[in-house]
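Data block below; observations after.
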Amino acid sequence: MFAKWFAACTLMLGAFAARPIAAQYQTDPPPDGAPNAQGPSSAAQGASTNAPTWRPPATMPHNAASHSEPIHPLTPLGHAPIAHVSKGPGTLPNDAGQEWRDYDISPYTLRVTSTNKPEQAIVDWILLDTGYEAWHSDPLGMLSASRRTLRVYHTPQIQALVGEMVDRFVNSEAESHAFGLRVLTVGSPNWRSKAHHVLHPVPAQSQGVQAWLLAKEDVSLLLADLRRRSDFREHSTPHLLVNNGQSTVVAATQTKNYTRDVVLRPGSAWPGYEAQTAQIEEGFSLEFHPLLAVDGKTIDAIIKCQVDQVEKMIPVMIDVPSQVAPRQKTEIKVPQIASCKLHERFRWPVDQVLLISLGVVSFPVPGTNGNLPLGLTGGAARADLLVVVESKGKLTGNPSDLRAVKPAATSHQGRY
């Protein structure tokens with residue numbers, strides 16, 4: 001009798017002990033890869049459709065987003081930081097007396113429509129005038145520009161330079177001031193012998209480059225004398241005008257295609273290789289960026305010129321054997337290029353004309369040209385490349401009458 005009562009109590013205690021385990025089961029489907037485990041009573045219930053399914057332990061939070069969120073590394077490099085990093089003092093240091101100033105540049109940016117970011121020209125000139133190192137070393141400095149405001153944090157000395165530069169852009173007196181730009185070539189540099197007495201040299205940093213200042217009446221006589229020469233050519237219109245503070249590009253280029261290399265394709269259809277082609281832009285590109293002084297008496301200008309000429313293509317035979325033609329060869333070409341570069345900043349009086357000679361360089365215009373039979377496509381023609389920059393003063397008509405030219409797309413990355 002006692003044995004039957006003990007057995008019944010044991011069964012009841014087992015049932016109550018099984019209830020906490022069953023409470024850990026639910027009817028939600030298991031996550032991907034989780035086993036479809038069943039509770040202790042499932043053996044008796046067989047393949048019942050109400051059998052409980054697996055639920056993650058209480059230490060693993062279960063939510064809808066836990067299975068789709070990626071695991072991010074502690075740092076972008078996947079390792080702990082090596083350098084010591086702190087949040088800083090929370091205020092801008094002014095141990096050198098730095099000051100914060102906001103400059104209104106909207107008078108300039110609102111009248112410039114040739115570029116989407118006219119404020120970039122102001123930033124570029126400030127960096128050129130103050131030096132890049134002034135903003136990336138001690139003392140701390142900051143320079144930022146929006147469409148209407150230039151924000152500067154620096155010492156009073158730098159602020160004075162920035163203020164003068166901003167005045168040169170927003171000055172309404174320079175709004176309608178324009179400049180003329182000519183690109184000329186003379187087959188021989190002997191024109192100097194006759195014009196030497198009117199040429200007043202100015203410093204030039206680039207190798208092989210010479211620069212002079214001339215009176216405007218002397219320039220007219222010089223051009224009239226050069227036009228009588230059979231080797232004289234003018235490659236840009238003399239009426240090409242540029243507004244103050246804006247950048248302009250005068251270019252004459254052509255594209256030359258050639259086979260640069262071959263890649264073998266074993267097992268492919270004849271000829272069993274693939275030719276790799278390339279392109280070369282040959283010709284000349286001249287970028288001109290003038291800026292008038294506040295008093296209107298001097299001009300600063302950045303002039304950047306690039307001349308590239310393919311003198312000839314040197315052929316090279318490459319073995320490209322295939323199953324059909326074991327001794328097959330093909331030709332690739334290696335260009336022989338002559339290049340000339342100029343990137344300088346000049347300053348001169350408004351009432352004078354700047355004349356720059358890049359020396360006897362590759363003929364800048366693609367193809368043959370008049371009495372110069374050797375162009376970029378036919379040989380190694382040479383000519384003395386001249387650039388003439390002249391102030392045209394204030395426009396009496398509508399400033400929109402200026403000849404439209406391609407705006408510059410690059411910013412200057414050097415001091416000069």
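By order in the structure tokens, chains are A, B, ...; within a chain, residues start at 1; ligands start at 1, following the order shown.
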Query raised in the report: Per DSSP on the backbone, what are the alpha helix (DSSP H) residues of range 152-327 of chain A, as a PyMOL selection string?
Result: chain A and resi 156-170+191-195+216-227
### Task
Name all residues at most 9 Å from Met165 in chain A (count only C-alpha atoms; drop same-chain ones fewer than 6 positions away) and give them as a ChimeraX atom specification.
/A:122,125-126,129,293-294
>> Can you pull out the residues contacting Ala145 in chain A? Cut-off 8 Å, using only C-alpha atoms, and skip same-chain residues under 2 positions away; I want them as number ranges by chain.
In response: A: 119-120, 123, 143, 147-151
Any chance you can output those residues with N, CA and C atoms as a tab-separated table (two decimals), in the first residue's frame?
```tsv
chain	number	residue	atom	x	y	z
A	119	GLU	N	33.11	80.94	-55.21
A	119	GLU	CA	33.87	81.18	-53.98
A	119	GLU	C	35.19	80.44	-53.94
A	120	GLN	N	35.33	79.39	-54.76
A	120	GLN	CA	36.57	78.62	-54.76
A	120	GLN	C	37.74	79.46	-55.26
A	123	VAL	N	39.18	81.31	-52.32
A	123	VAL	CA	39.96	80.41	-51.47
A	123	VAL	C	41.32	80.12	-52.09
A	143	LEU	N	39.92	77.90	-42.62
A	143	LEU	CA	39.44	78.65	-43.77
A	143	LEU	C	38.31	77.86	-44.41
A	147	ARG	N	28.62	79.98	-50.35
A	147	ARG	CA	28.25	80.85	-51.47
A	147	ARG	C	28.23	82.32	-51.07
A	148	ARG	N	27.96	82.63	-49.81
A	148	ARG	CA	27.82	84.02	-49.39
A	148	ARG	C	28.84	84.45	-48.35
A	149	THR	N	29.45	83.52	-47.62
A	149	THR	CA	30.29	83.89	-46.49
A	149	THR	C	31.63	83.15	-46.53
A	150	LEU	N	32.69	83.89	-46.24
A	150	LEU	CA	34.02	83.32	-46.05
A	150	LEU	C	34.35	83.38	-44.57
A	151	ARG	N	34.60	82.24	-43.95
A	151	ARG	CA	34.87	82.16	-42.52
A	151	ARG	C	36.35	81.87	-42.31
```
Go through range 90-206 of chain A and flag each residue having an atom no more than 8 Å from range 219-241 of chain A; for those, report the closest pair of atoms plus their distance in Å to one decimal, using only C-alpha atoms, ordered by chain and rising number, as a tab-separated table.
```
residue	atom	partner	partner_atom	distance
A:Ala178	CA	A:Leu241	CA	5.9
A:Phe179	CA	A:Leu241	CA	5.2
A:Gly180	CA	A:Leu241	CA	4.9
A:Leu181	CA	A:Leu240	CA	6.1
A:Arg182	CA	A:Pro238	CA	5.6
A:Val183	CA	A:His235	CA	5.4
A:Leu184	CA	A:Glu234	CA	4.5
A:Thr185	CA	A:Arg233	CA	5.3
A:Val186	CA	A:Phe232	CA	4.6
A:Gly187	CA	A:Asp231	CA	4.9
A:Ser188	CA	A:Asp231	CA	7.6
A:Trp191	CA	A:Leu226	CA	7.6
A:Ala195	CA	A:Leu222	CA	7.0
```
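Counting only C-alpha atoms and comparing A:Val170, A:Val389, A:Val152, A:Leu286, the residue that lies closest to Gln352 in chain A is A:Val389.
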Contact table range 165-258 of chain A vs range 287-292 of chain A, cut-off 10 Å, shortest pair per residue, only C-alpha atoms, as JSON lines:
```
{"residue": "A:Met165", "atom": "CA", "partner": "A:Leu291", "partner_atom": "CA", "distance": 9.5}
{"residue": "A:Arg168", "atom": "CA", "partner": "A:Leu292", "partner_atom": "CA", "distance": 6.5}
{"residue": "A:Phe169", "atom": "CA", "partner": "A:Leu291", "partner_atom": "CA", "distance": 7.7}
{"residue": "A:Asn171", "atom": "CA", "partner": "A:Leu292", "partner_atom": "CA", "distance": 9.4}
{"residue": "A:Glu173", "atom": "CA", "partner": "A:Leu292", "partner_atom": "CA", "distance": 9.7}
{"residue": "A:Ala174", "atom": "CA", "partner": "A:Leu292", "partner_atom": "CA", "distance": 6.8}
{"residue": "A:Glu175", "atom": "CA", "partner": "A:Leu292", "partner_atom": "CA", "distance": 9.8}
{"residue": "A:His177", "atom": "CA", "partner": "A:Leu292", "partner_atom": "CA", "distance": 8.3}
{"residue": "A:Ala178", "atom": "CA", "partner": "A:Pro290", "partner_atom": "CA", "distance": 9.2}
{"residue": "A:Phe179", "atom": "CA", "partner": "A:Pro290", "partner_atom": "CA", "distance": 8.0}
{"residue": "A:Leu181", "atom": "CA", "partner": "A:Phe288", "partner_atom": "CA", "distance": 8.4}
{"residue": "A:Val242", "atom": "CA", "partner": "A:Pro290", "partner_atom": "CA", "distance": 8.1}
{"residue": "A:Asn243", "atom": "CA", "partner": "A:Pro290", "partner_atom": "CA", "distance": 8.0}
{"residue": "A:Asn244", "atom": "CA", "partner": "A:Leu291", "partner_atom": "CA", "distance": 5.5}
{"residue": "A:Gly245", "atom": "CA", "partner": "A:Leu291", "partner_atom": "CA", "distance": 4.8}
{"residue": "A:Gln246", "atom": "CA", "partner": "A:His289", "partner_atom": "CA", "distance": 6.0}
{"residue": "A:Ser247", "atom": "CA", "partner": "A:His289", "partner_atom": "CA", "distance": 4.4}
{"residue": "A:Thr248", "atom": "CA", "partner": "A:Phe288", "partner_atom": "CA", "distance": 5.3}
{"residue": "A:Val249", "atom": "CA", "partner": "A:Glu287", "partner_atom": "CA", "distance": 4.4}
{"residue": "A:Val250", "atom": "CA", "partner": "A:Glu287", "partner_atom": "CA", "distance": 6.4}
{"residue": "A:Ala251", "atom": "CA", "partner": "A:Glu287", "partner_atom": "CA", "distance": 8.5}
```
Could you write out the selected residues, including N, CA and C atoms, as a compact mmCIF listing (two decimals), in the first residue's frame?
```
# COMPACT_ATOMS: atom_id res chain seq x y z
N MET A 165 42.61 90.53 -49.82
CA MET A 165 42.29 89.68 -50.96
C MET A 165 40.78 89.68 -51.22
N ARG A 168 39.66 92.72 -53.09
CA ARG A 168 39.97 92.71 -54.53
C ARG A 168 38.89 92.00 -55.33
N PHE A 169 38.20 91.05 -54.71
CA PHE A 169 37.14 90.33 -55.42
C PHE A 169 35.82 91.08 -55.36
N ASN A 171 35.30 94.25 -54.87
CA ASN A 171 35.39 95.64 -55.30
C ASN A 171 34.53 95.85 -56.55
N GLU A 173 34.54 98.38 -58.46
CA GLU A 173 35.29 99.06 -59.52
C GLU A 173 35.90 98.07 -60.49
N ALA A 174 36.17 96.84 -60.03
CA ALA A 174 36.78 95.82 -60.89
C ALA A 174 35.76 94.93 -61.57
N GLU A 175 34.48 95.20 -61.33
CA GLU A 175 33.46 94.31 -61.86
C GLU A 175 33.48 94.24 -63.38
N HIS A 177 36.03 95.27 -65.36
CA HIS A 177 37.39 95.30 -65.91
C HIS A 177 37.65 94.00 -66.68
N ALA A 178 38.30 94.14 -67.82
CA ALA A 178 38.53 92.98 -68.69
C ALA A 178 39.98 92.94 -69.15
N PHE A 179 40.39 91.76 -69.62
CA PHE A 179 41.76 91.54 -70.06
C PHE A 179 41.75 90.85 -71.42
N LEU A 181 43.84 88.41 -74.19
CA LEU A 181 44.80 87.31 -74.15
C LEU A 181 45.06 86.83 -75.58
N VAL A 242 38.56 88.43 -70.67
CA VAL A 242 38.39 87.68 -69.44
C VAL A 242 37.99 88.64 -68.33
N ASN A 243 36.97 88.31 -67.57
CA ASN A 243 36.55 89.15 -66.45
C ASN A 243 37.50 89.03 -65.28
N ASN A 244 37.57 90.09 -64.48
CA ASN A 244 38.44 90.12 -63.31
C ASN A 244 38.04 89.03 -62.31
N GLY A 245 39.05 88.30 -61.83
CA GLY A 245 38.83 87.28 -60.81
C GLY A 245 38.36 85.94 -61.34
N GLN A 246 38.04 85.84 -62.62
CA GLN A 246 37.55 84.59 -63.18
C GLN A 246 38.65 83.89 -63.97
N SER A 247 38.56 82.59 -64.04
CA SER A 247 39.57 81.78 -64.71
C SER A 247 39.07 81.35 -66.08
N THR A 248 39.98 81.34 -67.04
CA THR A 248 39.65 81.03 -68.43
C THR A 248 40.66 80.05 -69.00
N VAL A 249 40.19 79.15 -69.86
CA VAL A 249 41.07 78.20 -70.53
C VAL A 249 40.94 78.38 -72.03
N VAL A 250 42.07 78.56 -72.69
CA VAL A 250 42.13 78.59 -74.15
C VAL A 250 42.87 77.33 -74.57
N ALA A 251 42.26 76.51 -75.41
CA ALA A 251 42.85 75.21 -75.74
C ALA A 251 42.64 74.89 -77.21
```
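Proximity of A:Gly359, A:Pro335, A:Gly141, A:Gly163 to Tyr103 in chain A, computed with only C-alpha atoms, is greatest for A:Gly163.
Each of A:Ala325, A:Leu386, A:Ala134, A:Val320 was compared to Gln159 in chain A using only C-alpha atoms, and A:Ala134 turns out to be the nearest.
Between CA of Leu385 in chain A and CA of Glu217 in chain A the interatomic distance comes to 21.4 Å.
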From CA of Ile280 in chain A to CA of Val365 in chain A the spacing works out at 14.3 Å
List the spatial neighbours of Glu99 in chain A as number ranges by chain - criterion: any atom at most 9 Å away, only C-alpha atoms, same-chain residues fewer than 4 positions off excluded.
A: 94, 152-156, 159
Selected residues written out with C-alpha atoms, as a PDB file, in the first residue's frame:
```pdb
ATOM      1  CA  ASN A  94      44.039  81.319 -29.394  1.00  0.00           C
ATOM      2  CA  VAL A 152      38.426  82.622 -41.274  1.00  0.00           C
ATOM      3  CA  TYR A 153      40.067  81.848 -37.945  1.00  0.00           C
ATOM      4  CA  HIS A 154      43.671  83.035 -37.755  1.00  0.00           C
ATOM      5  CA  THR A 155      46.070  85.650 -36.430  1.00  0.00           C
ATOM      6  CA  PRO A 156      45.506  89.372 -37.107  1.00  0.00           C
ATOM      7  CA  GLN A 159      43.390  88.278 -41.330  1.00  0.00           C
TER       8      GLN A 159
END
```
